[in-house]
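With mmCIF, C-alpha atoms inside, this is model36.cif:
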```
data_final
loop_
_atom_site.label_atom_id
_atom_site.label_comp_id
_atom_site.auth_asym_id
_atom_site.auth_seq_id
_atom_site.Cartn_x
_atom_site.Cartn_y
_atom_site.Cartn_z
CA MET A 692 -91.28 3.47 -31.67
CA SER A 693 -87.84 2.98 -30.15
CA GLY A 694 -84.53 4.39 -31.26
CA THR A 695 -83.70 1.07 -32.90
CA ASP A 696 -86.73 1.04 -35.22
CA ASP A 697 -86.57 2.16 -38.85
CA PRO A 698 -85.66 5.87 -38.80
CA LEU A 699 -87.50 6.41 -42.11
CA ILE A 700 -91.22 6.66 -42.77
CA GLU A 701 -93.02 6.61 -46.12
CA PRO A 702 -95.66 9.25 -46.97
CA ASP A 703 -98.65 6.88 -46.91
CA ARG A 704 -97.63 5.51 -43.51
CA LEU A 705 -97.21 9.02 -42.15
CA ALA A 706 -100.62 10.05 -43.50
CA ALA A 707 -102.18 7.11 -41.64
CA GLU A 708 -100.39 8.03 -38.41
CA LEU A 709 -101.43 11.67 -38.70
CA ALA A 710 -105.06 10.53 -38.84
CA GLN A 711 -104.77 8.76 -35.48
CA PRO A 712 -105.87 10.32 -32.17
CA ALA A 713 -102.26 10.93 -31.06
CA PRO A 714 -100.37 11.80 -34.25
CA PRO A 715 -96.61 12.36 -34.31
CA THR A 716 -95.25 15.88 -33.94
CA LEU A 717 -94.38 17.10 -37.42
CA LEU A 718 -91.41 19.40 -38.04
CA ASP A 719 -90.72 21.15 -41.37
CA VAL A 720 -86.97 21.79 -41.58
CA ARG A 721 -86.63 22.85 -45.21
CA TRP A 722 -83.32 24.62 -45.73
CA ARG A 723 -80.85 25.70 -48.41
CA LEU A 724 -77.09 26.04 -48.14
CA ALA A 725 -77.42 29.13 -50.34
CA GLY A 726 -80.54 30.99 -51.31
CA PRO A 727 -83.80 32.06 -49.65
CA PRO A 728 -84.52 30.69 -46.15
CA GLY A 729 -86.72 27.62 -45.88
CA ARG A 730 -89.44 29.50 -44.02
CA ALA A 731 -90.64 31.00 -47.32
CA ASP A 732 -91.23 27.48 -48.65
CA TYR A 733 -93.11 26.59 -45.48
CA THR A 734 -95.31 29.67 -45.81
CA ALA A 735 -96.16 28.75 -49.40
CA GLY A 736 -97.33 25.29 -48.39
CA HIS A 737 -96.56 22.49 -45.94
CA LEU A 738 -97.87 19.27 -44.45
CA PRO A 739 -101.00 19.77 -42.33
CA GLY A 740 -100.02 20.27 -38.71
CA ALA A 741 -96.31 20.83 -39.44
CA VAL A 742 -94.37 23.45 -37.51
CA PHE A 743 -91.37 25.15 -39.10
CA VAL A 744 -88.04 24.81 -37.27
CA ASP A 745 -85.05 26.68 -38.66
CA LEU A 746 -81.92 24.57 -39.04
CA ASP A 747 -79.53 27.53 -38.88
CA THR A 748 -80.88 29.22 -35.76
CA ALA A 749 -82.69 26.50 -33.79
CA LEU A 750 -80.98 23.20 -34.60
CA CYS A 751 -77.42 24.58 -34.83
CA GLY A 752 -75.33 27.10 -32.98
CA PRO A 753 -74.02 30.30 -34.56
CA PRO A 754 -71.16 29.85 -37.05
CA GLY A 755 -67.64 30.43 -35.81
CA ALA A 756 -64.51 28.56 -34.75
CA ALA A 757 -66.52 25.35 -34.34
CA GLY A 758 -67.75 25.47 -37.95
CA ARG A 759 -70.66 26.77 -39.96
CA HIS A 760 -73.24 24.52 -38.26
CA PRO A 761 -71.91 23.70 -34.79
CA LEU A 762 -73.79 22.00 -31.98
CA PRO A 763 -76.69 24.07 -30.65
CA ASP A 764 -76.79 25.48 -27.16
CA PRO A 765 -78.87 22.90 -25.24
CA ASP A 766 -81.14 25.52 -23.64
CA THR A 767 -81.75 27.24 -26.98
CA LEU A 768 -82.52 23.91 -28.63
CA GLN A 769 -84.83 22.86 -25.82
CA ALA A 770 -86.77 26.12 -26.05
CA ALA A 771 -87.16 25.77 -29.83
CA LEU A 772 -88.31 22.16 -29.60
CA ARG A 773 -90.78 22.90 -26.84
CA ALA A 774 -92.16 25.84 -28.84
CA ALA A 775 -92.67 23.44 -31.75
CA GLY A 776 -94.64 21.08 -29.51
CA VAL A 777 -92.05 18.33 -29.04
CA ARG A 778 -93.02 16.21 -26.05
CA ALA A 779 -90.96 13.77 -24.03
CA GLY A 780 -91.33 10.26 -25.43
CA HIS A 781 -93.75 11.32 -28.17
CA PRO A 782 -92.88 10.48 -31.81
CA VAL A 783 -91.48 13.19 -34.07
CA VAL A 784 -91.28 13.14 -37.88
CA VAL A 785 -89.03 15.62 -39.72
CA TYR A 786 -89.05 16.47 -43.42
CA ASP A 787 -87.22 18.76 -45.82
CA SER A 788 -87.29 19.75 -49.48
CA GLY A 789 -86.45 16.25 -50.66
CA ASP A 790 -82.68 15.79 -50.61
CA GLY A 791 -82.90 14.51 -47.05
CA MET A 792 -79.92 16.44 -45.71
CA ALA A 793 -81.60 18.99 -43.44
CA ALA A 794 -84.03 16.33 -42.24
CA ALA A 795 -81.14 14.02 -41.44
CA ARG A 796 -79.40 16.77 -39.46
CA ALA A 797 -82.66 17.39 -37.58
CA TRP A 798 -82.99 13.63 -36.94
CA TRP A 799 -79.40 13.51 -35.70
CA THR A 800 -79.81 16.60 -33.50
CA LEU A 801 -82.93 15.27 -31.79
CA ARG A 802 -81.29 11.88 -31.28
CA TRP A 803 -78.13 13.56 -29.92
CA ALA A 804 -80.37 15.55 -27.58
CA GLY A 805 -81.81 12.33 -26.16
CA HIS A 806 -85.11 12.17 -28.05
CA ARG A 807 -85.12 8.63 -29.44
CA SER A 808 -88.49 8.57 -31.20
CA VAL A 809 -87.74 10.52 -34.40
CA ARG A 810 -88.05 9.59 -38.07
CA VAL A 811 -87.33 11.18 -41.43
CA LEU A 812 -90.07 11.41 -44.08
CA ALA A 813 -88.68 9.50 -47.06
CA GLY A 814 -88.79 11.74 -50.13
CA GLY A 815 -89.58 14.81 -48.05
CA TRP A 816 -92.02 17.44 -49.27
CA PRO A 817 -91.87 16.35 -52.95
CA GLY A 818 -92.53 12.75 -51.97
CA TRP A 819 -95.58 13.79 -49.96
CA LEU A 820 -97.01 15.75 -52.89
CA ALA A 821 -96.18 12.98 -55.37
CA ALA A 822 -98.24 10.60 -53.24
CA GLY A 823 -101.27 12.87 -53.75
CA LEU A 824 -101.45 13.82 -50.08
CA PRO A 825 -102.86 17.14 -48.82
CA SER A 826 -100.99 20.35 -48.08
CA THR A 827 -101.97 23.56 -46.36
CA VAL A 828 -100.87 27.13 -45.74
CA GLU A 829 -102.49 27.20 -42.31
CA VAL A 830 -99.92 27.72 -39.55
CA PRO A 831 -100.76 25.67 -36.46
CA THR A 832 -100.36 26.83 -32.88
CA PRO A 833 -98.97 23.79 -31.10
CA GLN A 834 -99.36 23.10 -27.44
CA PRO A 835 -95.98 23.77 -25.80
CA GLY A 836 -93.94 20.62 -25.43
CA ASP A 837 -92.08 19.34 -22.39
CA VAL A 838 -89.06 17.66 -23.98
CA THR A 839 -85.83 17.87 -21.98
CA VAL A 840 -82.61 18.12 -23.98
CA ARG A 841 -79.95 15.76 -22.68
CA PRO A 842 -76.90 16.17 -24.94
CA GLY A 843 -74.61 13.30 -25.83
CA ALA A 844 -76.97 10.49 -26.78
CA LEU A 845 -75.16 10.07 -30.12
CA PRO A 846 -71.35 10.09 -30.48
CA VAL A 847 -69.67 13.31 -31.54
CA LEU A 848 -66.14 14.00 -32.78
CA ASP A 849 -64.27 17.22 -32.18
CA ALA A 850 -61.25 18.18 -34.31
CA ALA A 851 -58.80 16.23 -32.14
CA GLY A 852 -61.03 13.17 -32.18
CA ALA A 853 -61.46 13.39 -35.94
CA ALA A 854 -57.68 13.59 -36.38
CA ARG A 855 -57.13 10.57 -34.16
CA LEU A 856 -59.77 8.52 -35.95
CA ALA A 857 -58.40 9.45 -39.39
CA ALA A 858 -54.87 8.44 -38.33
CA ALA A 859 -55.86 5.22 -36.57
CA ASP A 860 -55.20 1.85 -38.16
CA ASP A 861 -58.29 0.45 -36.44
CA GLY A 862 -60.73 3.23 -37.41
CA ILE A 863 -61.98 5.17 -40.41
CA LEU A 864 -63.06 8.77 -40.94
CA LEU A 865 -65.26 9.29 -44.00
CA ASP A 866 -65.15 12.56 -45.95
CA VAL A 867 -68.47 12.60 -47.81
CA ARG A 868 -67.94 15.75 -49.89
CA ALA A 869 -67.57 15.67 -53.66
CA ALA A 870 -64.25 14.30 -54.85
CA PRO A 871 -62.87 17.61 -56.22
CA ARG A 872 -63.34 19.22 -52.80
CA TYR A 873 -61.68 16.28 -51.09
CA ARG A 874 -58.73 16.41 -53.51
CA GLY A 875 -58.36 20.15 -52.96
CA GLU A 876 -59.08 21.06 -56.58
CA SER A 877 -62.02 23.31 -55.69
CA GLU A 878 -63.67 24.69 -52.58
CA PRO A 879 -66.85 26.67 -53.22
CA VAL A 880 -67.66 27.46 -49.59
CA ASP A 881 -64.71 27.31 -47.19
CA PRO A 882 -61.45 29.30 -47.38
CA VAL A 883 -59.09 26.30 -47.68
CA ALA A 884 -59.36 23.28 -49.99
CA GLY A 885 -58.34 19.71 -49.15
CA HIS A 886 -59.18 17.11 -46.51
CA VAL A 887 -58.32 15.90 -43.03
CA PRO A 888 -55.14 13.83 -43.38
CA GLY A 889 -56.04 10.16 -43.32
CA ALA A 890 -59.73 10.64 -44.15
CA VAL A 891 -61.25 8.42 -46.84
CA ASN A 892 -63.43 9.99 -49.52
CA LEU A 893 -66.91 8.53 -50.01
CA PRO A 894 -69.11 11.14 -51.73
CA ALA A 895 -72.68 11.11 -50.46
CA THR A 896 -74.00 10.78 -54.00
CA GLU A 897 -72.62 7.24 -54.09
CA TYR A 898 -75.10 5.92 -51.53
CA VAL A 899 -78.09 8.28 -51.55
CA THR A 900 -80.13 9.64 -54.47
CA GLU A 901 -82.56 12.53 -53.97
CA GLY A 902 -82.90 11.65 -50.32
CA ARG A 903 -83.56 7.98 -51.01
CA PHE A 904 -81.35 5.21 -49.66
CA PRO A 905 -80.76 1.76 -51.15
CA THR A 906 -81.32 -1.37 -49.08
CA ALA A 907 -79.44 -1.96 -45.85
CA ALA A 908 -77.45 -4.71 -47.56
CA ALA A 909 -76.45 -2.37 -50.40
CA LEU A 910 -75.41 0.29 -47.90
CA ARG A 911 -73.31 -2.22 -45.97
CA ASP A 912 -71.60 -3.29 -49.19
CA ARG A 913 -70.84 0.29 -50.22
CA PHE A 914 -69.49 1.25 -46.82
CA ALA A 915 -67.43 -1.95 -46.67
CA ALA A 916 -65.91 -1.10 -50.05
CA ALA A 917 -64.81 2.23 -48.57
CA GLY A 918 -63.14 0.45 -45.65
CA VAL A 919 -65.86 0.44 -43.00
CA ARG A 920 -65.57 -2.71 -40.87
CA ALA A 921 -67.78 -3.99 -38.09
CA ASP A 922 -64.85 -4.03 -35.65
CA ARG A 923 -63.54 -0.55 -36.56
CA PRO A 924 -64.91 2.75 -35.21
CA VAL A 925 -66.33 4.97 -37.93
CA GLY A 926 -67.00 8.69 -38.17
CA ALA A 927 -68.05 11.09 -40.92
CA TYR A 928 -67.67 14.73 -41.88
CA CYS A 929 -68.60 17.03 -44.76
CA GLY A 930 -68.45 20.80 -45.14
CA SER A 931 -70.43 21.76 -42.04
CA GLY A 932 -71.97 18.62 -40.57
CA VAL A 933 -75.24 18.53 -42.53
CA THR A 934 -74.54 16.07 -45.35
CA ALA A 935 -72.47 13.99 -42.93
CA ALA A 936 -75.48 13.71 -40.63
CA GLN A 937 -77.17 11.97 -43.55
CA THR A 938 -74.16 9.66 -43.70
CA VAL A 939 -74.64 8.81 -40.04
CA LEU A 940 -78.29 8.08 -40.81
CA ALA A 941 -77.21 5.79 -43.66
CA LEU A 942 -74.76 4.06 -41.34
CA HIS A 943 -77.59 3.52 -38.84
CA LEU A 944 -79.65 1.95 -41.62
CA ALA A 945 -76.67 -0.31 -42.34
CA GLY A 946 -76.49 -1.35 -38.69
CA ARG A 947 -73.73 1.00 -37.48
CA THR A 948 -75.62 2.88 -34.77
CA ASP A 949 -72.28 3.75 -33.15
CA ALA A 950 -71.18 6.01 -36.05
CA ALA A 951 -69.86 9.40 -34.91
CA LEU A 952 -70.43 12.81 -36.51
CA TYR A 953 -67.66 15.39 -36.73
CA VAL A 954 -70.07 18.26 -36.36
CA GLY A 955 -67.56 21.03 -37.11
CA SER A 956 -66.52 19.18 -40.26
CA TRP A 957 -64.27 20.88 -42.80
CA SER A 958 -65.45 24.39 -41.92
CA GLY A 959 -64.43 23.79 -38.32
CA TRP A 960 -61.18 22.07 -39.25
CA VAL A 961 -59.87 24.95 -41.36
CA ALA A 962 -60.95 27.57 -38.83
CA ASP A 963 -57.66 26.79 -37.08
CA PRO A 964 -54.80 27.46 -39.54
CA SER A 965 -52.43 25.28 -37.53
CA ARG A 966 -54.32 22.11 -38.49
CA PRO A 967 -52.75 20.11 -41.32
CA VAL A 968 -54.45 19.88 -44.69
CA ALA A 969 -54.02 17.04 -47.18
CA THR A 970 -54.69 17.31 -50.90
CA GLY A 971 -54.83 14.79 -53.71
CA PRO A 972 -56.80 11.58 -54.21
CA THR A 973 -55.35 9.53 -51.35
CA PRO A 974 -56.06 9.79 -47.61
CA ALA A 975 -52.50 10.88 -46.80
CA GLY A 976 -52.47 13.44 -49.60
#
```
Take the structure in this file and express it as structure tokens.
Amino acid sequence: MSGTDDPLIEPDRLAAELAQPAPPTLLDVRWRLAGPPGRADYTAGHLPGAVFVDLDTALCGPPGAAGRHPLPDPDTLQAALRAAGVRAGHPVVVYDSGDGMAAARAWWTLRWAGHRSVRVLAGGWPGWLAAGLPSTVEVPTPQPGDVTVRPGALPVLDAAGAARLAAADDGILLDVRAAPRYRGESEPVDPVAGHVPGAVNLPATEYVTEGRFPTAAALRDRFAAAGVRADRPVGAYCGSGVTAAQTVLALHLAGRTDAALYVGSWSGWVADPSRPVATGPTPAG
């Protein structure tokens, strides 16, 4: 497949591909924002042949001034992907616990790293089980891969770029957190509540349900209603760049393969107390 093909794959299609002589490399990236690590879920059962890759330590850098889930160090990412058996030019499929967020961040990270042939399992682990497909507790030992990480294949926003895009008349920055967080009424994770001045709120729950997306036409209509235009640059952020990676995936499905991710997102924005914070229901606050 190419990077322009459908980035989603249904369970039955994946099962058929896994039965072929050269099956895709399968990565289990189950993860929770709070709670036990995803590795425990993997140990209890996973897709046959899947290798566990930790979102926090392999696909993201350590938390700090750049946010809770910043860009990974390219060498660290390359080592993790090679250990998982990722090969140059060979298809990869990623899956999570069903909400699609960790899988979307894994999809985005691999695409950003220059690996174009990567898809997300629609419905994740629950979707696979619901289709009556097999699981295992056997942990495979993959042949080491030879993928080379080449950062920058997908557009990224830093804090300054996010501020410029949010303030621009010819661009739009989407804040995809829940409305109360955007308005500054509550903030369950980060130390400051509010939003980037000029950002437009479009909660992720309005265009994705349990990791499932509507049609491309429906996505285009919803994004257009929020102010996304074909001739305007678009970027997205959330709390730490995980949910917003799913937004970028949705924008790809809608035809906006140029959509940028503010990886640091709100956690990175408020790490610098000099940055302005807007509150209230409007972009300007």
Could you expand the PyMOL selection byres ((chain A and resi 926) around 8) into the explicit residues it covers here, written as a list in words? Leu848, Ala853, Leu856, Ile863, Leu864, Leu865, Pro924, Val925, Ala927, Tyr928, Val939, Ala950, Ala951, Leu952 and Tyr953 of chain A
Between A:Ala851, A:Ala858, A:Ala775, A:Ala821, which is the closest to A:Ala975 once you count only C-alpha atoms?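 Ranking A:Ala851, A:Ala858, A:Ala775, A:Ala821 by distance to A:Ala975, first place goes to A:Ala858.
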With distances taken over all atoms listed in the file, the candidate from A:Thr970, A:Gln711, A:Thr934, A:Thr767 nearest A:Ala884 is A:Thr970
Gap from atom CA of A:Gly755 to atom CA of A:Pro964 - Å, one decimal: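 Atom-to-atom, atom CA of A:Gly755 to atom CA of A:Pro964, that is 13.7 Å.
Take atom CA of A:Gly776 and atom CA of A:Thr716: the distance between them is 6.9 Å.
Candidate residues A:Asp949, A:Asp881, A:Glu876, A:Asp787 were compared for distance to A:Phe743, and the nearest is A:Asp787, using only C-alpha atoms.
Checking A:Pro754, A:Val887, A:Ala909, A:Glu829 one by one against A:Gly852, counting all atoms listed in the file, you find the shortest gap at A:Val887.
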Interatomic distance (Å, one decimal) between atom CA of A:Leu942 and atom CA of A:Ser956: 17.3 Å
Can you turn the PyMOL selection byres ((chain A and resi 921) around 12) into a concrete residue list for this file, as a list in words?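 In the shown coordinates, the PyMOL selection byres ((chain A and resi 921) around 12) covers Asp861, Gly862, Ile863, Arg911, Asp912, Phe914, Ala915, Gly918, Val919, Arg920, Asp922, Arg923, Pro924, Val925, Leu942, Ala945, Gly946, Arg947, Thr948, Asp949 and Ala950 of chain A.
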Evaluated on this file, the PyMOL selection byres ((chain A and resi 717) around 8) picks out some residues - which ones are they, written as a count of residues only? 10
